[in-house]
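> Input coords.txt, format and content: compact mmCIF, C-alpha atoms.
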# COMPACT_ATOMS: atom_id res chain seq x y z
CA MET S 1 -36.50 10.01 8.70
CA ARG S 2 -35.13 10.48 5.16
CA TYR S 3 -34.49 7.22 3.34
CA THR S 4 -32.45 6.99 0.15
CA SER S 5 -32.34 3.75 -1.76
CA GLU S 6 -28.78 2.57 -2.29
CA ARG S 7 -29.65 1.43 -5.79
CA SER S 8 -30.77 4.89 -6.90
CA THR S 9 -27.56 6.48 -5.55
CA ASP S 10 -25.20 3.84 -6.95
CA PRO S 11 -22.27 5.85 -8.39
CA GLY S 12 -22.15 3.70 -11.53
CA LEU S 13 -25.84 4.27 -12.27
CA LEU S 14 -25.53 8.00 -11.58
CA VAL S 15 -22.51 8.32 -13.88
CA LEU S 16 -24.27 6.38 -16.66
CA THR S 17 -27.37 8.56 -16.23
CA SER S 18 -25.25 11.71 -16.41
CA LEU S 19 -23.50 10.50 -19.57
CA ALA S 20 -26.86 9.67 -21.20
CA GLU S 21 -27.08 13.40 -21.96
CA GLY S 22 -23.78 13.38 -23.87
CA PRO S 23 -20.00 13.16 -23.29
CA LYS S 24 -18.72 14.78 -20.08
CA HIS S 25 -15.46 14.98 -18.18
CA GLY S 26 -15.02 14.27 -14.44
CA TYR S 27 -15.87 17.72 -13.09
CA ALA S 28 -18.95 18.07 -15.33
CA ILE S 29 -20.18 14.64 -14.19
CA THR S 30 -19.88 15.56 -10.47
CA GLN S 31 -21.74 18.84 -11.09
CA ASP S 32 -24.48 17.10 -13.08
CA VAL S 33 -24.91 14.27 -10.57
CA GLU S 34 -25.16 16.78 -7.72
CA GLN S 35 -27.96 18.63 -9.55
CA LEU S 36 -29.62 15.41 -10.67
CA ALA S 37 -29.63 13.38 -7.46
CA GLY S 38 -28.31 15.67 -4.73
CA VAL S 39 -25.31 13.37 -4.33
CA ARG S 40 -21.76 14.79 -4.37
CA LEU S 41 -19.40 12.18 -5.76
CA GLY S 42 -15.89 12.44 -4.32
CA PRO S 43 -12.98 11.95 -6.76
CA GLY S 44 -12.25 8.46 -5.37
CA THR S 45 -15.86 7.34 -5.80
CA LEU S 46 -16.20 8.99 -9.23
CA TYR S 47 -13.04 7.53 -10.72
CA GLY S 48 -13.67 4.17 -9.08
CA ALA S 49 -17.03 4.10 -10.89
CA LEU S 50 -15.54 5.40 -14.17
CA ALA S 51 -12.79 2.74 -14.03
CA ARG S 52 -15.31 -0.07 -13.42
CA LEU S 53 -17.66 1.17 -16.16
CA GLU S 54 -14.80 1.60 -18.63
CA GLY S 55 -13.40 -1.83 -17.72
CA ASN S 56 -16.82 -3.38 -18.37
CA GLY S 57 -17.13 -1.58 -21.72
CA LEU S 58 -20.14 0.50 -20.66
CA ILE S 59 -18.38 3.83 -21.25
CA GLU S 60 -15.36 4.90 -23.30
CA SER S 61 -12.96 7.79 -23.04
CA LEU S 62 -12.53 10.39 -25.76
CA PRO S 63 -9.30 12.22 -26.60
CA ALA S 64 -8.24 14.57 -23.78
CA GLU S 65 -9.17 18.25 -24.04
CA ASP S 66 -6.97 20.60 -22.02
CA ARG S 67 -5.92 17.93 -19.41
CA ARG S 68 -9.56 16.79 -19.06
CA ARG S 69 -10.72 13.56 -20.62
CA PRO S 70 -14.40 13.31 -21.55
CA TYR S 71 -16.28 10.01 -21.38
CA ARG S 72 -19.30 8.84 -23.34
CA LEU S 73 -21.73 5.93 -23.18
CA THR S 74 -21.08 2.93 -25.42
CA GLY S 75 -23.89 0.92 -26.99
CA ALA S 76 -23.59 -1.63 -24.20
CA GLY S 77 -23.69 1.19 -21.64
CA SER S 78 -26.90 2.62 -23.13
CA ALA S 79 -28.50 -0.83 -23.06
CA ALA S 80 -27.39 -1.50 -19.46
CA LEU S 81 -28.63 1.92 -18.30
CA SER S 82 -31.93 1.48 -20.07
CA GLU S 83 -32.41 -1.96 -18.46
CA GLN S 84 -31.56 -0.67 -14.96
CA LEU S 85 -33.80 2.37 -15.27
CA ARG S 86 -36.71 0.25 -16.50
CA ALA S 87 -36.24 -2.08 -13.52
CA LEU S 88 -36.23 0.94 -11.19
CA GLN S 89 -39.28 2.32 -12.99
CA ARG S 90 -41.16 -0.97 -12.49
CA VAL S 91 -40.35 -0.92 -8.79
CA ALA S 92 -41.31 2.75 -8.50
CA ARG S 93 -44.60 2.24 -10.36
CA SER S 94 -45.54 -0.83 -8.31
CA GLY S 95 -44.65 0.95 -5.09
CA LEU S 96 -46.74 4.01 -5.98
CA ASP S 97 -49.69 1.83 -7.06
CA ARG S 98 -49.57 -0.07 -3.78
CA LEU S 99 -49.40 3.13 -1.77
CA GLN S 100 -52.43 4.45 -3.68
CA LEU S 101 -54.40 1.24 -3.03
CA ALA S 102 -53.51 1.40 0.65
CA GLU S 103 -54.74 5.03 0.78
CA VAL S 104 -58.06 4.08 -0.85
CA SER S 105 -58.68 1.10 1.43
CA ARG S 106 -58.06 3.18 4.59
CA MET D 107 -2.38 21.29 3.22
CA ARG D 108 -5.53 19.39 2.26
CA ARG D 109 -4.49 19.49 -1.38
CA ARG D 110 -1.17 17.93 -0.36
CA LEU D 111 -2.97 15.29 1.71
CA ALA D 112 -5.22 14.55 -1.27
CA GLY D 113 -2.07 14.19 -3.39
CA LEU D 114 -0.61 11.75 -0.86
CA ALA D 115 -3.88 9.77 -0.82
CA LEU D 116 -3.71 9.64 -4.63
CA ALA D 117 -0.19 8.21 -4.35
CA LEU D 118 -1.68 5.22 -2.48
CA TYR D 119 -3.62 4.06 -5.56
CA PRO D 120 -2.22 1.11 -7.54
CA LEU D 121 0.33 2.11 -10.17
CA ALA D 122 -1.90 1.12 -13.12
CA PHE D 123 -4.82 3.15 -11.74
CA ARG D 124 -2.61 6.20 -11.21
CA ARG D 125 -1.16 5.91 -14.69
CA ARG D 126 -4.62 5.79 -16.25
CA TYR D 127 -6.66 8.16 -14.05
CA GLY D 128 -4.11 10.03 -11.88
CA GLN D 129 -3.81 13.07 -14.12
CA GLU D 130 -7.60 13.40 -14.43
CA ILE D 131 -8.07 13.13 -10.66
CA ARG D 132 -5.40 15.82 -10.17
CA VAL D 133 -7.27 18.10 -12.58
CA LEU D 134 -10.51 17.43 -10.67
CA LEU D 135 -8.75 18.25 -7.38
CA ASP D 136 -7.48 21.50 -8.95
CA GLU D 137 -11.03 22.43 -9.96
CA THR D 138 -12.53 21.79 -6.52
CA SER D 139 -11.28 22.65 -3.06
CA PRO D 140 -10.50 19.26 -1.50
CA GLY D 141 -11.74 18.91 2.07
CA VAL D 142 -11.25 16.20 4.67
CA LEU D 143 -14.11 14.20 3.10
CA THR D 144 -12.34 14.32 -0.28
CA VAL D 145 -9.16 12.92 1.29
CA LEU D 146 -11.16 10.16 3.02
CA ASP D 147 -12.98 9.42 -0.24
CA LEU D 148 -9.62 9.06 -2.03
CA LEU D 149 -8.29 6.78 0.73
CA ARG D 150 -11.41 4.60 0.46
CA GLY D 151 -11.07 4.60 -3.32
CA ALA D 152 -7.40 3.58 -3.09
CA LEU D 153 -8.27 0.66 -0.81
CA ALA D 154 -11.09 -0.42 -3.13
CA ALA D 155 -8.76 -0.19 -6.16
CA HIS D 156 -6.25 -2.46 -4.40
CA LEU D 157 -8.87 -4.97 -3.22
CA HIS D 158 -10.92 -5.01 -6.45
CA PRO D 159 -8.68 -3.75 -9.27
CA PRO D 160 -10.75 -2.57 -12.25
CA THR D 161 -10.41 -4.77 -15.33
CA GLY D 162 -8.68 -3.53 -18.45
CA LEU D 163 -5.81 -1.73 -16.71
CA GLY D 164 -3.33 -4.57 -17.18
CA SER D 165 -1.78 -3.10 -20.31
CA VAL D 166 -1.35 0.37 -18.77
CA VAL D 167 1.81 -0.70 -16.90
CA ASP D 168 4.48 -2.61 -18.81
CA VAL D 169 6.30 -5.58 -17.30
CA GLY D 170 9.43 -3.58 -16.45
CA ASP D 171 7.50 -0.99 -14.45
CA ARG D 172 5.39 -3.70 -12.81
CA LEU D 173 8.61 -5.35 -11.59
CA ARG D 174 9.94 -1.97 -10.41
CA ALA D 175 6.74 -1.41 -8.43
CA SER D 176 6.91 -4.93 -6.98
CA MET D 177 10.52 -4.54 -5.89
CA SER D 178 10.01 -1.18 -4.22
CA GLY D 179 6.84 -2.54 -2.59
CA VAL D 180 8.77 -5.48 -1.15
CA LEU D 181 11.52 -3.12 0.06
CA ALA D 182 8.93 -0.96 1.86
CA CYS D 183 7.43 -4.07 3.48
CA TRP D 184 10.92 -5.25 4.44
CA VAL D 185 11.67 -1.95 6.24
CA VAL D 186 8.48 -2.29 8.31
CA PHE D 187 9.10 -6.01 8.86
CA ALA D 188 12.69 -5.34 9.94
CA ALA D 189 11.44 -2.82 12.54
CA ALA D 190 9.14 -5.50 14.02
CA GLY D 191 11.98 -8.03 13.73
CA PHE D 192 14.31 -5.75 15.64
CA GLY D 193 11.61 -5.46 18.31
CA PHE D 194 11.54 -9.27 18.47
CA TYR D 195 15.32 -9.36 18.80
CA LYS D 196 15.28 -6.82 21.65
CA THR D 197 12.43 -8.67 23.39
CA THR D 198 14.19 -12.05 23.33
CA GLU D 199 17.89 -11.09 23.49
CA ASP D 200 18.44 -11.62 27.22
CA TYR D 201 20.00 -14.66 28.90
CA PRO D 202 16.75 -16.18 30.31
CA TYR D 203 15.39 -16.52 26.74
CA GLN D 204 18.54 -18.35 25.64
CA THR D 205 18.14 -20.68 28.63
CA ALA D 206 14.48 -21.26 27.78
CA GLY D 207 15.51 -21.96 24.18
CA ASN D 208 18.02 -24.54 25.34
CA SER D 209 15.42 -26.25 27.58
CA HIS D 210 12.59 -26.31 25.04
CA ALA D 211 13.47 -27.50 21.54
CA LEU D 212 10.58 -25.75 19.77
CA LEU D 213 11.48 -22.39 21.33
CA GLY D 214 15.17 -22.79 20.52
CA ASP D 215 14.55 -24.01 16.93
CA ALA D 216 12.07 -21.22 16.19
CA HIS D 217 14.52 -18.61 17.52
CA VAL D 218 17.44 -19.96 15.50
CA GLY D 219 15.21 -20.30 12.44
CA ILE D 220 14.17 -16.63 12.68
CA GLN D 221 17.82 -15.54 12.94
CA VAL D 222 18.91 -17.65 9.94
CA LEU D 223 15.98 -16.38 7.86
CA ALA D 224 16.71 -12.77 8.88
CA ILE D 225 20.31 -13.13 7.67
CA LEU D 226 19.13 -14.80 4.44
CA ALA D 227 16.57 -12.05 3.79
CA SER D 228 19.10 -9.29 4.54
CA VAL D 229 21.57 -10.86 2.10
CA ALA D 230 18.79 -11.10 -0.52
CA VAL D 231 17.91 -7.41 0.02
CA LEU D 232 21.55 -6.45 -0.48
CA ALA D 233 21.98 -8.75 -3.47
CA GLY D 234 18.91 -7.25 -5.14
CA ALA D 235 19.63 -3.63 -4.26
CA LEU D 236 23.39 -3.46 -4.75
CA PRO D 237 23.59 -3.83 -8.57
CA LEU D 238 20.73 -1.35 -9.01
CA SER D 239 22.39 1.09 -6.57
CA VAL D 240 25.70 0.86 -8.48
CA LEU D 241 23.79 1.41 -11.75
CA ALA D 242 22.00 4.44 -10.24
CA LEU D 243 25.30 5.92 -9.02
CA HIS D 244 26.82 5.39 -12.45
CA ARG D 245 23.85 7.02 -14.22
CA ALA D 246 23.70 9.87 -11.69
CA ARG D 247 27.04 11.14 -13.00
CA ARG D 248 25.38 12.00 -16.31
CA LYS D 249 21.80 12.66 -15.15
CA PRO D 250 21.50 15.51 -12.61
CA SER D 251 17.90 14.62 -11.64
CA LEU D 252 19.15 11.25 -10.39
CA ARG D 253 21.84 12.80 -8.19
CA MET D 254 19.40 14.04 -5.55
CA LEU D 255 17.57 10.68 -5.48
CA VAL D 256 20.83 8.77 -5.11
CA SER D 257 22.17 11.14 -2.43
CA LEU D 258 19.06 11.08 -0.23
CA PRO D 259 19.36 7.46 1.03
CA ILE D 260 23.10 7.94 1.66
CA VAL D 261 22.43 11.07 3.72
CA ALA D 262 19.51 9.41 5.57
CA VAL D 263 21.59 6.33 6.46
CA ALA D 264 24.55 8.51 7.54
CA VAL D 265 22.31 10.63 9.81
CA PHE D 266 20.70 7.52 11.30
CA ALA D 267 24.08 5.86 11.84
CA GLY D 268 25.32 9.04 13.55
CA LEU D 269 22.25 9.15 15.78
CA THR D 270 22.73 5.47 16.65
CA GLY D 271 26.36 6.11 17.53
CA VAL D 272 25.45 9.02 19.81
CA LEU D 273 22.78 6.94 21.57
CA ILE D 274 25.21 4.04 22.08
CA LEU D 275 27.78 6.43 23.58
CA VAL D 276 25.15 7.95 25.90
CA ALA D 277 23.88 4.49 26.90
CA HIS D 278 27.43 3.31 27.72
CA SER D 279 28.10 6.41 29.80
CA GLN D 280 25.08 5.52 32.02
CA HIS D 281 26.12 2.98 34.61
CA SER D 282 22.63 1.81 35.53
CA GLN D 283 21.44 -1.35 33.74
CA ARG D 284 17.81 -0.82 34.83
CA PRO D 285 15.35 0.41 32.21
CA SER D 286 14.45 4.08 32.62
CA THR D 287 11.69 6.24 31.12
CA ALA D 288 14.27 8.50 29.45
CA GLY D 289 15.96 5.45 27.93
CA GLY D 290 12.60 4.12 26.72
CA VAL D 291 11.67 7.46 25.13
CA ALA D 292 15.12 7.63 23.48
CA PHE D 293 14.62 4.10 22.13
CA ILE D 294 11.19 5.01 20.69
CA ALA D 295 12.67 8.17 19.09
CA TRP D 296 15.51 6.07 17.68
CA GLY D 297 13.01 3.56 16.25
CA LEU D 298 10.96 6.34 14.63
CA ALA D 299 14.16 7.83 13.18
CA GLY D 300 15.00 4.39 11.77
CA LEU D 301 11.57 4.14 10.15
CA ALA D 302 11.95 7.66 8.71
CA CYS D 303 15.37 6.68 7.33
CA GLY D 304 13.81 3.55 5.81
CA ALA D 305 10.98 5.61 4.29
CA VAL D 306 13.48 8.02 2.67
CA CYS D 307 15.47 5.07 1.28
CA VAL D 308 12.33 3.37 -0.09
CA LEU D 309 10.81 6.51 -1.68
CA ALA D 310 14.09 7.77 -3.17
CA SER D 311 15.08 4.34 -4.51
CA ARG D 312 11.60 3.87 -5.98
CA ARG D 313 11.74 7.18 -7.82
CA ALA D 314 15.28 6.49 -9.00
CA LEU D 315 14.27 3.02 -10.20
CA PHE D 316 11.45 4.45 -12.29
CA ALA D 317 13.66 7.27 -13.61
CA MET D 318 16.45 5.15 -15.09
CA PRO D 319 16.68 2.44 -17.71
CA VAL D 320 17.51 -0.99 -16.31
CA ALA D 321 18.42 -4.07 -18.35
CA ARG D 322 15.92 -6.94 -18.28
CA GLY D 323 18.40 -9.29 -16.59
CA TRP D 324 19.05 -6.93 -13.66
CA LEU D 325 15.33 -6.36 -13.16
CA LEU D 326 14.62 -10.09 -13.18
CA ALA D 327 17.50 -10.76 -10.76
CA ALA D 328 16.30 -8.04 -8.37
CA PHE D 329 12.72 -9.33 -8.62
CA ALA D 330 13.92 -12.85 -7.80
CA CYS D 331 15.71 -11.44 -4.72
CA GLY D 332 12.48 -9.63 -3.78
CA ALA D 333 10.53 -12.89 -4.08
CA LEU D 334 13.11 -14.57 -1.83
CA VAL D 335 12.75 -11.76 0.73
CA THR D 336 8.96 -12.20 0.63
CA ALA D 337 9.26 -15.95 1.18
CA ALA D 338 11.68 -15.32 4.09
CA MET D 339 9.25 -12.81 5.63
CA VAL D 340 6.40 -15.33 5.46
CA ALA D 341 8.60 -18.06 6.98
CA MET D 342 9.83 -15.71 9.75
CA THR D 343 6.23 -14.73 10.54
CA ILE D 344 5.30 -18.41 10.93
CA ALA D 345 8.40 -19.03 13.10
CA THR D 346 7.56 -15.98 15.26
CA ALA D 347 4.00 -17.26 15.72
CA ILE D 348 5.38 -20.65 16.79
CA TYR D 349 7.83 -18.95 19.17
CA THR D 350 5.07 -16.77 20.69
CA ILE D 351 2.82 -19.78 21.31
CA ALA D 352 5.69 -21.94 22.59
CA LEU D 353 6.84 -19.21 24.99
CA SER D 354 3.33 -18.88 26.45
CA VAL D 355 3.10 -22.66 26.93
CA ASP D 356 6.67 -23.62 27.92
CA ALA D 357 7.90 -20.47 29.66
CA SER D 358 4.76 -18.68 30.82
CA ALA D 359 6.68 -16.82 33.56
CA LEU D 360 8.90 -15.19 30.93
CA ALA D 361 5.88 -14.42 28.71
CA GLY D 362 4.27 -12.47 31.51
CA GLU D 363 7.28 -10.29 32.33
CA PRO D 364 7.10 -6.54 31.69
CA ASN D 365 8.42 -5.50 28.31
CA GLY D 366 8.55 -2.67 25.77
CA PRO D 367 10.59 0.54 25.76
CA LEU D 368 8.52 1.91 28.63
CA GLN D 369 7.95 -1.48 30.31
CA ALA D 370 4.22 -0.88 29.79
CA THR D 371 3.31 -4.25 28.26
CA SER D 372 4.14 -7.89 28.84
CA VAL D 373 6.48 -9.96 26.67
CA SER D 374 3.59 -11.92 25.14
CA VAL D 375 1.70 -8.70 24.25
CA SER D 376 4.89 -7.28 22.66
CA LEU D 377 5.37 -10.47 20.65
CA ILE D 378 1.74 -10.38 19.45
CA GLN D 379 2.14 -6.72 18.41
CA GLN D 380 5.31 -7.59 16.50
CA LEU D 381 3.53 -10.56 14.93
CA ILE D 382 0.65 -8.37 13.71
CA VAL D 383 3.11 -6.00 11.99
CA MET D 384 4.95 -8.99 10.48
CA VAL D 385 1.72 -10.52 9.16
CA ALA D 386 0.66 -7.19 7.60
CA ALA D 387 4.07 -6.63 5.99
CA GLY D 388 4.28 -10.26 4.81
CA VAL D 389 0.80 -10.19 3.26
CA LEU D 390 1.44 -6.88 1.45
CA ALA D 391 4.80 -8.15 0.20
CA GLY D 392 3.06 -11.33 -1.00
CA ILE D 393 0.44 -9.30 -2.89
CA THR D 394 3.00 -7.07 -4.62
CA THR D 395 5.25 -10.04 -5.48
CA ARG D 396 2.24 -11.90 -6.91
CA ARG D 397 1.43 -8.91 -9.12
CA GLY D 398 4.99 -8.89 -10.46
CA TRP D 399 4.85 -12.63 -11.03
CA ARG D 400 1.53 -12.38 -12.87
CA ALA D 401 2.93 -9.64 -15.12
CA LEU D 402 5.89 -11.89 -15.90
CA SER D 403 3.61 -14.84 -16.63
CA LYS D 404 1.71 -12.93 -19.33
CA PRO D 405 2.31 -14.24 -22.84
CA ASP D 406 3.77 -10.95 -24.18
CA THR D 407 6.68 -10.84 -21.72
CA THR D 408 9.12 -11.95 -24.39
CA ALA D 409 8.95 -8.38 -25.67
CA PRO D 410 11.79 -6.18 -24.33
CA PHE D 411 11.06 -4.27 -21.13
CA SER D 412 10.82 -0.51 -21.32
CA VAL D 413 14.34 0.77 -20.80
Kindly present the structure from the file in structure tokens form.

Amino acid sequence: MRYTSERSTDPGLLVLTSLAEGPKHGYAITQDVEQLAGVRLGPGTLYGALARLEGNGLIESLPAEDRRRPYRLTGAGSAALSEQLRALQRVARSGLDRLQLAEVSR
Amino acid sequence: MRRRLAGLALALYPLAFRRRYGQEIRVLLDETSPGVLTVLDLLRGALAAHLHPPTGLGSVVDVGDRLRASMSGVLACWVVFAAAGFGFYKTTEDYPYQTAGNSHALLGDAHVGIQVLAILASVAVLAGALPLSVLALHRARRKPSLRMLVSLPIVAVAVFAGLTGVLILVAHSQHSQRPSTAGGVAFIAWGLAGLACGAVCVLASRRALFAMPVARGWLLAAFACGALVTAAMVAMTIATAIYTIALSVDASALAGEPNGPLQATSVSVSLIQQLIVMVAAGVLAGITTRRGWRALSKPDTTAPFSV
């Protein structure tokens, strides 16, 4: 059975991770997230996440280019992403260490 | 077809969300081929945006447009509520219900209360809509784009009135007083036509309202009428709930009688169905009225509305 942690596929986290590379508009974010995590964000999910992140000051919009509006991380967004990824990293490292120990003790 | 469905799903988002992100979502839909999952995702997103509105969108919609959205929202709820109310009227119009109302005070009072509130709400709808309709007709003379929007409700009401007249003539030409399947089907078709007529009136009046300048005083007066209609809907819902319970307790024989256009349900089941629709319409009207009220309560509402 394939298990995917909800935390690692949280649309907000995925959008922040995508924007860590640089400013992107909606379509570019969906393409990037699909490549990055194998998750296809629908327009409702994507713009729901963008609205929440923008409302919380974690991302900001740039002037529209040809009907598309790019978004970029703010300082607070970078800090929040960094904190979340470190927390995920800690969990991942601990989990892998424990699996290794369990392998050795078998 | 799916693109059109996706567009309709997008129309279900709150006004502020559509103003801020609608164009971008449309561009995204143009760049992808929306499937059924995209439409469902938009519907889910619209529900989430209504239940948990993102912060920071308050300034996207000015007070005037917020009031316009509230008024047309209340009108839409009123159309649905009126359909359920008409069902209630048809369910309880016969002589045995009047007798039961005379014998049991709670039943009789609830029934009279619903009728008084229905008249009050209808008057409030007319009082709120009439000045804006006159204004729209006046403006339509100089603005061609408004003409179509102003004509649509008139045509829809005329068609529905014609259909009602034909059905009344047909019904009077039938001598049998017993309910028939054909009569039930005709009643359902008539009800659906009424809802379609209401939908045309709501959508056209909403678009017209957003397309024309309206003085602050008229908007406030219409909003006050909308708030009164909302309060009347809530009160009628409570009175209908009391009536439904009282009928089951005091006149259980009547409550168990067959009912509905096709005589497929009992009176109590019909009343509960009508009550569910009333609760839904009342709650939605309450939410949209509250949004208008909150916009009015903001400190910057002394600034002139967008006209």
> Tell me, counting only C-alpha atoms, for each residue of chain S within 6 Å of chain D, which pair of atoms is nearest and how far apart they are in Å to one decimal, in rows ordered by chain and increasing number, as CSV.

residue,atom,partner,partner_atom,distance
S:Tyr27,CA,D:Leu134,CA,5.9
S:Gly42,CA,D:Thr144,CA,5.7
S:Gly44,CA,D:Leu148,CA,4.3
S:Ala51,CA,D:Pro160,CA,6.0
S:Arg52,CA,D:Pro160,CA,5.3
S:Gly55,CA,D:Thr161,CA,4.8
> Enter the distance from atom CA of Ala92 of chain S to atom CA of Ala80 of chain S, in Å, rounded to one decimal.
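About the pair atom CA of Ala92 of chain S and atom CA of Ala80 of chain S: they are 18.2 Å apart.
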> Calculate, to one decimal in Å, the centre and edge lengths of the box along x, y and z of the file that holds all listed atoms of segment 167-183 of chain D with 6 Å of margin on each side, and present them as lines of an AutoDock Vina configuration file.

center_x = 6.7
center_y = -3.1
center_z = -7.7
size_x = 21.7
size_y = 16.9
size_z = 34.3
> Counting only C-alpha atoms, which residues in segment 284-359 of chain D sit no more than 10 Å from segment 199-215 of chain D? For each one, give the nearest pair of atoms and the distance in Å, sorted by chain then residue number, as a Markdown table.

| residue | atom | partner | partner_atom | distance |
| --- | --- | --- | --- | --- |
| D:Ala345 | CA | D:Asp215 | CA | 8.8 |
| D:Thr346 | CA | D:Leu213 | CA | 9.7 |
| D:Ile348 | CA | D:Leu213 | CA | 7.8 |
| D:Tyr349 | CA | D:Leu213 | CA | 5.5 |
| D:Thr350 | CA | D:Leu213 | CA | 8.5 |
| D:Ile351 | CA | D:Leu213 | CA | 9.0 |
| D:Ala352 | CA | D:Leu213 | CA | 5.9 |
| D:Leu353 | CA | D:Leu213 | CA | 6.7 |
| D:Asp356 | CA | D:His210 | CA | 7.1 |
| D:Ala357 | CA | D:Ala206 | CA | 6.9 |
> Which residues are close to Ala76 of chain S, i.e. within 9 Å by all atoms listed in the file, leaving aside same-chain residues fewer than 4 positions away? Reply as a ChimeraX atom specification.
/S:57-59,80-81
> Between atom CA of Leu273 of chain D and atom CA of Ala292 of chain D, what is the spacing in Å?
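Taking atom CA of Ala292 of chain D as the start and atom CA of Leu273 of chain D as the end point, the length is 7.9 Å.
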> For segment 235-242 of chain D, list every protein, DNA or RNA residue within 12 Å, evaluated using all atoms listed in the file, and leave out those in the same chain fewer than 2 positions away; present the list as number ranges by chain.
D: 174, 177-178, 180-181, 228-233, 244-257, 259-260, 307-308, 310-332, 335
> Quick one: distance from atom CA of Ala386 of chain D to atom CA of Leu157 of chain D in Å, one decimal?
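Going from atom CA of Ala386 of chain D over to atom CA of Leu157 of chain D covers 14.6 Å.
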> Identify which of the residues S:Ala79, S:Val104, S:Leu99, S:Val39 lies closest to Asp10 of chain S, counting only C-alpha atoms when measuring atom-to-atom distances.
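Ranked by minimum distance to Asp10 of chain S, first place goes to S:Val39.
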> From the list D:Ala299, D:Val385, D:Leu114, D:Val169, which residue is nearest Lys404 of chain D when using all atoms listed in the file?
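Closest candidate: D:Val169.
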> Find, counting only C-alpha atoms, the residue in S:Glu60, S:Leu53, S:Ala87, S:Val15 that gets nearest to Thr74 of chain S.
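Nearest to Thr74 of chain S: S:Glu60.
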> Within 12 Å of Phe293 of chain D, counting only C-alpha atoms, which residues show up once you throw out same-chain ones fewer than 6 positions away? Write them as a compact mmCIF listing (two decimals) with C-alpha atoms, keeping the file's coordinate frame, please.

# COMPACT_ATOMS: atom_id res chain seq x y z
CA PHE D 192 14.31 -5.75 15.64
CA GLY D 193 11.61 -5.46 18.31
CA LYS D 196 15.28 -6.82 21.65
CA LEU D 269 22.25 9.15 15.78
CA THR D 270 22.73 5.47 16.65
CA LEU D 273 22.78 6.94 21.57
CA ILE D 274 25.21 4.04 22.08
CA VAL D 276 25.15 7.95 25.90
CA ALA D 277 23.88 4.49 26.90
CA PRO D 285 15.35 0.41 32.21
CA SER D 286 14.45 4.08 32.62
CA THR D 287 11.69 6.24 31.12
CA ALA D 299 14.16 7.83 13.18
CA GLY D 300 15.00 4.39 11.77
CA GLY D 366 8.55 -2.67 25.77
CA PRO D 367 10.59 0.54 25.76
CA LEU D 368 8.52 1.91 28.63
CA GLN D 369 7.95 -1.48 30.31
